[in-house]
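Reproduced below: upload_35.tsv, with TSV, C-alpha atoms.
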```tsv
chain	number	residue	atom	x	y	z
A	28	MET	CA	-17.89	43.74	112.86
A	29	ILE	CA	-14.30	44.05	114.12
A	30	ALA	CA	-11.63	45.78	112.04
A	31	LYS	CA	-8.82	48.24	112.56
A	32	LEU	CA	-10.22	51.75	112.28
A	33	THR	CA	-8.12	53.58	109.72
A	34	LEU	CA	-8.76	56.48	107.39
A	35	ARG	CA	-9.45	54.01	104.59
A	36	SER	CA	-11.79	51.73	106.57
A	37	VAL	CA	-13.78	54.69	107.90
A	38	GLU	CA	-14.00	56.42	104.52
A	39	THR	CA	-15.15	53.25	102.74
A	40	ALA	CA	-17.77	52.29	105.37
A	41	LYS	CA	-20.98	52.53	103.34
A	42	PRO	CA	-24.41	53.26	104.87
A	43	LEU	CA	-26.83	50.34	104.97
A	44	ALA	CA	-30.58	50.07	105.56
A	45	ALA	CA	-29.98	49.84	109.33
A	46	PRO	CA	-27.29	51.36	111.59
A	47	TYR	CA	-24.22	49.21	112.17
A	48	GLU	CA	-20.95	49.40	114.11
A	49	ILE	CA	-17.29	48.73	113.37
A	50	ARG	CA	-15.30	47.95	116.52
A	51	ASP	CA	-11.63	48.81	116.49
A	52	ALA	CA	-9.31	45.80	116.53
A	53	ASP	CA	-6.61	47.69	118.44
A	54	ILE	CA	-8.41	49.73	121.11
A	55	THR	CA	-11.03	47.72	122.97
A	56	GLY	CA	-14.13	49.86	123.40
A	57	LEU	CA	-13.55	52.25	120.49
A	58	LEU	CA	-16.10	51.92	117.69
A	59	LEU	CA	-17.52	53.70	114.68
A	60	ARG	CA	-21.31	53.79	114.26
A	61	VAL	CA	-22.63	54.28	110.72
A	62	GLN	CA	-26.18	55.54	110.22
A	63	PRO	CA	-28.37	54.85	107.14
A	64	THR	CA	-28.06	58.57	106.31
A	65	GLY	CA	-24.29	58.23	106.02
A	66	VAL	CA	-23.58	59.97	109.35
A	67	LYS	CA	-20.54	58.40	111.04
A	68	ALA	CA	-19.63	58.92	114.69
A	69	PHE	CA	-17.04	57.54	117.11
A	70	TYR	CA	-18.07	56.07	120.47
A	71	VAL	CA	-16.31	54.47	123.41
A	72	ASP	CA	-17.88	51.62	125.37
A	73	LEU	CA	-16.61	51.97	128.96
A	74	ALA	CA	-18.57	49.10	130.48
A	75	ARG	CA	-21.78	47.22	129.88
A	76	GLY	CA	-24.48	49.83	129.24
A	77	ILE	CA	-22.06	52.79	129.51
A	78	ARG	CA	-21.25	54.40	126.16
A	79	VAL	CA	-19.79	57.84	125.40
A	80	ARG	CA	-20.07	59.61	122.06
A	81	ILE	CA	-16.73	61.28	121.38
A	82	GLY	CA	-17.29	62.89	118.01
A	83	ARG	CA	-18.56	62.81	114.47
A	84	TYR	CA	-16.39	61.93	111.50
A	85	PRO	CA	-14.79	63.80	109.71
A	86	VAL	CA	-14.97	66.64	112.26
A	87	LEU	CA	-13.12	64.22	114.54
A	88	THR	CA	-10.35	62.37	112.71
A	89	VAL	CA	-9.50	58.71	113.22
A	90	GLU	CA	-6.29	59.61	115.07
A	91	GLY	CA	-8.19	62.14	117.16
A	92	ALA	CA	-10.74	59.48	118.06
A	93	ARG	CA	-7.97	57.10	119.08
A	94	THR	CA	-6.32	59.71	121.29
A	95	GLN	CA	-9.59	60.64	122.98
A	96	ALA	CA	-10.61	57.01	123.42
A	97	LYS	CA	-7.33	56.15	125.18
A	98	ALA	CA	-7.68	59.15	127.50
A	99	ILE	CA	-11.31	58.37	128.35
A	100	LEU	CA	-10.65	54.67	128.92
A	101	GLY	CA	-7.61	55.46	131.09
A	102	GLU	CA	-9.52	57.95	133.23
A	103	PHE	CA	-12.44	55.55	133.63
A	104	ALA	CA	-10.08	52.76	134.69
A	105	ARG	CA	-8.46	55.00	137.32
A	106	THR	CA	-11.52	56.76	138.77
A	107	GLY	CA	-14.61	55.01	137.43
A	108	ALA	CA	-15.94	58.43	136.43
A	109	ARG	CA	-17.90	58.72	133.23
A	110	PRO	CA	-16.85	61.85	131.28
A	111	LYS	CA	-19.51	64.41	130.56
A	112	PRO	CA	-20.08	64.78	126.81
A	113	LYS	CA	-19.40	68.19	125.33
A	114	VAL	CA	-22.63	69.53	123.91
A	115	LYS	CA	-22.43	72.02	121.09
A	116	VAL	CA	-25.27	74.55	121.18
A	117	GLU	CA	-26.49	74.73	117.61
A	118	SER	CA	-29.21	77.15	116.55
A	119	PHE	CA	-32.28	75.99	114.65
A	120	GLY	CA	-31.19	78.22	111.77
A	121	ASP	CA	-27.70	76.69	111.70
A	122	PHE	CA	-29.26	73.24	111.58
A	123	ILE	CA	-31.55	74.15	108.66
A	124	ARG	CA	-28.92	76.03	106.65
A	125	ASP	CA	-25.82	73.92	107.33
A	126	ARG	CA	-27.19	70.43	107.71
A	127	TYR	CA	-30.80	69.93	106.63
A	128	ALA	CA	-30.89	72.13	103.52
A	129	PRO	CA	-27.81	70.57	101.83
A	130	TRP	CA	-29.18	67.07	102.45
A	131	PHE	CA	-32.74	67.96	101.40
A	132	LEU	CA	-31.65	69.75	98.23
A	133	ALA	CA	-29.63	66.71	97.21
A	134	GLU	CA	-32.34	64.17	98.02
A	135	ARG	CA	-35.62	65.83	97.04
A	136	LYS	CA	-36.84	67.04	93.66
A	137	HIS	CA	-38.59	70.12	95.04
A	138	GLY	CA	-36.07	70.75	97.81
A	139	ALA	CA	-35.52	74.45	97.14
A	140	ARG	CA	-39.23	75.23	97.38
A	141	ASN	CA	-39.60	73.40	100.68
A	142	ILE	CA	-36.52	74.98	102.25
A	143	ALA	CA	-37.78	78.40	101.13
A	144	ALA	CA	-41.12	77.65	102.83
A	145	ILE	CA	-39.37	76.73	106.10
A	146	ASP	CA	-37.33	79.96	105.90
A	147	ALA	CA	-40.46	82.02	105.29
A	148	GLN	CA	-42.67	80.49	107.96
A	149	PHE	CA	-40.20	79.61	110.72
A	150	GLY	CA	-37.38	82.10	110.15
A	151	ASP	CA	-38.32	83.93	113.34
A	152	LEU	CA	-37.21	80.81	115.27
A	153	TYR	CA	-33.82	80.52	113.61
A	154	LYS	CA	-31.86	82.24	116.39
A	155	ARG	CA	-33.17	79.85	119.03
A	156	PRO	CA	-31.02	76.85	120.02
A	157	LEU	CA	-32.16	73.71	118.25
A	158	GLY	CA	-33.04	72.12	121.59
A	159	GLU	CA	-35.46	74.96	122.39
A	160	ILE	CA	-37.82	74.23	119.49
A	161	SER	CA	-40.76	72.90	121.47
A	162	ALA	CA	-44.33	71.75	120.95
A	163	TRP	CA	-45.54	74.90	122.74
A	164	LEU	CA	-43.69	77.20	120.35
A	165	ILE	CA	-45.09	75.46	117.27
A	166	GLU	CA	-48.62	75.25	118.71
A	167	LYS	CA	-48.45	79.01	119.33
A	168	HIS	CA	-47.16	79.57	115.79
A	169	LYS	CA	-49.95	77.39	114.38
A	170	ALA	CA	-52.65	79.19	116.40
A	171	THR	CA	-51.37	82.62	115.29
A	172	ARG	CA	-51.50	81.67	111.62
A	173	LEU	CA	-54.98	80.16	111.90
A	174	ALA	CA	-56.23	83.28	113.72
A	175	ALA	CA	-54.86	85.36	110.84
A	176	GLY	CA	-57.20	83.48	108.51
A	177	LEU	CA	-54.78	81.08	106.84
A	178	ASN	CA	-56.23	77.93	105.38
A	179	PRO	CA	-55.69	74.92	107.70
A	180	ALA	CA	-54.30	72.98	104.74
A	181	THR	CA	-51.55	75.59	104.30
A	182	VAL	CA	-50.73	75.54	108.02
A	183	ASN	CA	-50.57	71.75	107.96
A	184	ARG	CA	-48.22	71.66	104.99
A	185	ASP	CA	-45.75	73.85	106.88
A	186	LEU	CA	-46.22	71.74	110.00
A	187	VAL	CA	-45.28	68.63	108.00
A	188	ARG	CA	-42.16	70.42	106.74
A	189	ILE	CA	-40.83	71.39	110.16
A	190	LYS	CA	-41.70	67.99	111.63
A	191	ALA	CA	-39.74	66.28	108.85
A	192	ALA	CA	-36.75	68.54	109.47
A	193	LEU	CA	-36.71	67.82	113.20
A	194	ALA	CA	-37.13	64.10	112.55
A	195	LYS	CA	-33.79	64.28	110.73
A	196	ALA	CA	-32.27	66.09	113.73
A	197	VAL	CA	-33.30	63.09	115.87
A	198	GLU	CA	-31.99	60.61	113.29
A	199	TRP	CA	-28.66	62.48	113.12
A	200	GLU	CA	-28.41	62.39	116.93
A	201	LEU	CA	-28.69	66.16	117.36
A	202	LEU	CA	-31.86	65.82	119.45
A	203	PRO	CA	-32.68	63.01	121.91
A	204	GLU	CA	-36.34	62.82	120.81
A	205	HIS	CA	-38.80	64.51	118.48
A	206	PRO	CA	-40.04	67.70	120.18
A	207	LEU	CA	-43.20	67.98	118.06
A	208	ARG	CA	-44.55	64.50	118.60
A	209	SER	CA	-47.63	65.84	120.38
A	210	VAL	CA	-48.41	68.59	117.84
A	211	LYS	CA	-51.46	67.63	115.80
A	212	ARG	CA	-52.67	68.84	112.42
A	213	ALA	CA	-54.97	71.88	112.36
A	214	LYS	CA	-58.65	71.01	112.18
A	215	GLY	CA	-60.89	72.07	109.32
A	216	GLU	CA	-58.70	70.89	106.47
A	217	ASN	CA	-60.57	69.56	103.46
A	218	SER	CA	-59.15	66.08	103.04
A	219	GLY	CA	-60.26	65.89	99.43
A	220	HIS	CA	-61.67	62.42	100.07
A	221	VAL	CA	-64.18	61.30	97.46
A	222	ARG	CA	-67.20	59.45	98.86
A	223	PHE	CA	-69.46	57.50	96.55
A	224	LEU	CA	-73.21	57.43	97.15
A	225	SER	CA	-74.76	54.26	98.46
A	226	ASP	CA	-77.48	52.52	96.40
A	227	ASN	CA	-80.22	54.08	98.54
A	228	GLU	CA	-78.62	57.55	98.33
A	229	GLY	CA	-78.25	57.19	94.56
A	230	GLN	CA	-81.87	56.17	94.14
A	231	ALA	CA	-83.07	59.04	96.33
A	232	LEU	CA	-81.01	61.51	94.29
A	233	ARG	CA	-82.42	60.19	91.00
A	234	LEU	CA	-85.97	60.45	92.33
A	235	ALA	CA	-85.32	64.03	93.49
A	236	LEU	CA	-83.94	64.96	90.06
A	237	VAL	CA	-86.94	63.42	88.29
A	238	ALA	CA	-89.32	65.21	90.62
A	239	GLY	CA	-87.56	68.50	89.93
A	240	GLU	CA	-87.99	68.08	86.19
A	241	ARG	CA	-91.79	67.80	86.45
```
Could you rewrite the structure in this file as structure tokens?
Amino acid sequence: MIAKLTLRSVETAKPLAAPYEIRDADITGLLLRVQPTGVKAFYVDLARGIRVRIGRYPVLTVEGARTQAKAILGEFARTGARPKPKVKVESFGDFIRDRYAPWFLAERKHGARNIAAIDAQFGDLYKRPLGEISAWLIEKHKATRLAAGLNPATVNRDLVRIKAALAKAVEWELLPEHPLRSVKRAKGENSGHVRFLSDNEGQALRLALVAGER
């Protein structure tokens, strides 16, 4: 889609089931990418396969995006150098409190309870940069809790919570990939699966019950 990027066009760009882009009609290369979550970010395409993320709306305004895009495109035309993106170091706690919790509380019926559980079980990791939350850290956390005698089902519920939170960090482009992809559920959890007896097992049980009554 090609349209002039203005305050109105950016504000009214609604999220769809899949990400989509609006390319600016005035500045070739400048575009707005809209995620299904509603996250909107400005990018500049410098050449085929070379794209730079310049900021998220509304932290970066439309006029600010235009100014940065012109500067980046001009520098690339002169030197061919790709600018290094500025990376904001965000703590895990900042992510949970400022980004994930507001979204989760608005979208989920039992949001407060789940956020409270994340605070309680992973609060000791809150001061770490978001990018430092690793599979090793969570495996260590999981092993410590299991060694303390916690039920595997409880440990797994908390593991699902933190995995879901970090999945959003990937979706919102705060992490390049999910850091807990390799972390598996704790063993020993009762799945609660109901298994029905086969005909032979049922007959054997009936015979055993009859024999016990004699």
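Using all atoms listed in the file, the smallest distance between any of A:Leu193, A:Leu173, A:Met28, A:Leu34 and Glu48 of chain A comes from A:Met28.
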Could you tell me which of A:Pro206, A:Gly176, A:Gly76, A:Gly107 comes closest to Trp163 of chain A if we count all atoms listed in the file? A:Pro206
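Restricting the calculation to all atoms listed in the file, the smallest distance between Gly56 of chain A and any of A:Gly82, A:Arg105, A:Thr33, A:Lys97 is found for A:Lys97.
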Pick the closest to Arg78 of chain A from A:Arg50, A:His205, A:Arg109, A:Lys195: which is it, counting all atoms listed in the file? A:Arg109
Which one is closest to Arg126 of chain A: A:Val66, A:Leu59, A:Leu32, A:Val79? Count all atoms listed in the file.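 The shortest atom-to-atom distance to Arg126 of chain A comes from A:Val66.
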Atom-to-atom span, atom CA of Leu73 of chain A and atom CA of Ile99 of chain A, Å: 8.3 Å
Between atom CA of Ile142 of chain A and atom CA of Asp121 of chain A, measure the distance and give it in Å to one decimal.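 Here the two named atoms are 13.0 Å from each other.
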So how far away is atom CA of Pro203 of chain A from atom CA of Gly91 of chain A, in Å?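 Calculated distance between atom CA of Gly91 of chain A and atom CA of Pro203 of chain A is 25.0 Å.
Around Asn141 of chain A, within 9 Å and counting all atoms listed in the file, the residues found are Phe131, His137, Ile145, Asp146, Asp185 and Arg188 of chain A, once anything fewer than 4 positions away on its own chain is removed.
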Taking all atoms listed in the file into account, which of A:Ala74, A:Leu186, A:Ile165, A:Ala180 comes nearest Ala144 of chain A?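 So, comparing all the options, the nearest one is A:Leu186.
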I'd like the contact shell of Ala40 of chain A - 12 Å cut-off, only C-alpha atoms, skipping same-chain residues fewer than 2 positions apart - returned as number ranges by chain. A: 28, 30, 32-38, 42-43, 46-49, 59-63, 65-68, 84
Close residues, Ala213 of chain A itself excluded, 8 Å, all atoms listed in the file, min 5 positions apart in chain, as a list in words: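 The filter keeps Lys169, Pro179, Ala180, Val182 and Asn183 of chain A.
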